[in-house]
Amino acid sequence: MSPKELMYIEDALNHEQFLQSQFQQAAQALQNPQLKNCVSQMAKNHNQLFQKLYQLV
């Protein structure tokens, strides 16, 4: 993998980590169980994307 490709993956990892964190914080603040569940699922999805990207390195 070229250095430029590695930098792209690192950037994508940082974005996925940030999004996961934001969704987790939002889920904790929500009162509505349906919304909380939906946002928690989004956090899990971003965690899965992070794991897939991390395996590329």
# chains A, B, ... in the order shown; residues from 1 in each chain; ligands from 1
>>> residues_around(residues="Gln20 of chain A", least_positions_apart="3", cutoff="12 Å", atoms="only C-alpha atoms", output="compact mmCIF listing (two decimals) with C-alpha atoms, in the first residue's frame")
# COMPACT_ATOMS: atom_id res chain seq x y z
CA LEU A 13 -10.54 5.58 10.58
CA ASN A 14 -10.51 8.91 12.38
CA HIS A 15 -13.83 9.89 10.80
CA GLU A 16 -15.46 6.59 11.76
CA GLN A 17 -14.17 6.88 15.31
CA PHE A 23 -23.72 8.71 17.97
CA GLN A 24 -22.93 7.12 21.35
CA GLN A 25 -23.16 10.49 23.07
CA ALA A 26 -26.42 11.27 21.30
CA ALA A 27 -27.90 7.90 22.25
CA VAL A 39 -28.93 6.03 17.11
CA SER A 40 -27.24 3.22 19.05
CA GLN A 41 -27.47 1.06 15.94
CA MET A 42 -25.79 3.83 13.93
CA ALA A 43 -22.94 3.85 16.46
CA LYS A 44 -22.58 0.08 16.06
CA ASN A 45 -22.56 0.43 12.27
CA HIS A 46 -19.73 2.97 12.43
CA ASN A 47 -17.84 0.69 14.79
CA GLN A 48 -18.16 -2.13 12.26
CA LEU A 49 -16.92 0.15 9.47
CA PHE A 50 -13.99 1.15 11.66
CA GLN A 51 -13.10 -2.51 12.23
>>> atom_distance(atom1="atom CA of Tyr54 of chain A", atom2="atom CA of Leu6 of chain A")
10.6 Å
>>> atom_distance(atom1="atom CA of Gln22 of chain A", atom2="atom CA of Asn37 of chain A")
14.4 Å
>>> decode(residues="segment 30-47 of chain A", atoms="N, CA and C atoms", output="compact mmCIF listing (two decimals), in the first residue's frame")
# COMPACT_ATOMS: atom_id res chain seq x y z
N LEU A 30 -30.65 10.76 24.59
CA LEU A 30 -32.03 10.62 24.12
C LEU A 30 -32.91 9.93 25.16
N GLN A 31 -34.16 10.38 25.22
CA GLN A 31 -35.15 9.80 26.12
C GLN A 31 -36.05 8.79 25.40
N ASN A 32 -36.35 9.06 24.14
CA ASN A 32 -37.24 8.21 23.36
C ASN A 32 -36.54 6.88 23.07
N PRO A 33 -37.11 5.76 23.52
CA PRO A 33 -36.47 4.46 23.33
C PRO A 33 -36.24 4.08 21.86
N GLN A 34 -37.18 4.44 20.99
CA GLN A 34 -37.02 4.11 19.57
C GLN A 34 -35.87 4.89 18.95
N LEU A 35 -35.81 6.18 19.24
CA LEU A 35 -34.70 6.99 18.71
C LEU A 35 -33.37 6.54 19.30
N LYS A 36 -33.38 6.26 20.60
CA LYS A 36 -32.17 5.80 21.28
C LYS A 36 -31.65 4.52 20.63
N ASN A 37 -32.56 3.61 20.33
CA ASN A 37 -32.19 2.35 19.69
C ASN A 37 -31.63 2.58 18.29
N CYS A 38 -32.27 3.45 17.54
CA CYS A 38 -31.84 3.77 16.18
C CYS A 38 -30.44 4.39 16.18
N VAL A 39 -30.21 5.35 17.05
CA VAL A 39 -28.93 6.03 17.11
C VAL A 39 -27.84 5.08 17.64
N SER A 40 -28.20 4.22 18.56
CA SER A 40 -27.24 3.22 19.05
C SER A 40 -26.83 2.28 17.93
N GLN A 41 -27.78 1.93 17.08
CA GLN A 41 -27.47 1.06 15.94
C GLN A 41 -26.52 1.77 14.97
N MET A 42 -26.71 3.06 14.79
CA MET A 42 -25.79 3.83 13.93
C MET A 42 -24.37 3.80 14.51
N ALA A 43 -24.26 3.92 15.82
CA ALA A 43 -22.94 3.85 16.46
C ALA A 43 -22.31 2.49 16.21
N LYS A 44 -23.10 1.43 16.31
CA LYS A 44 -22.58 0.08 16.06
C LYS A 44 -22.14 -0.07 14.60
N ASN A 45 -22.92 0.50 13.69
CA ASN A 45 -22.56 0.43 12.27
C ASN A 45 -21.22 1.12 12.00
N HIS A 46 -21.00 2.26 12.63
CA HIS A 46 -19.73 2.97 12.43
C HIS A 46 -18.58 2.21 13.09
N ASN A 47 -18.87 1.53 14.17
CA ASN A 47 -17.84 0.69 14.79
C ASN A 47 -17.45 -0.45 13.85
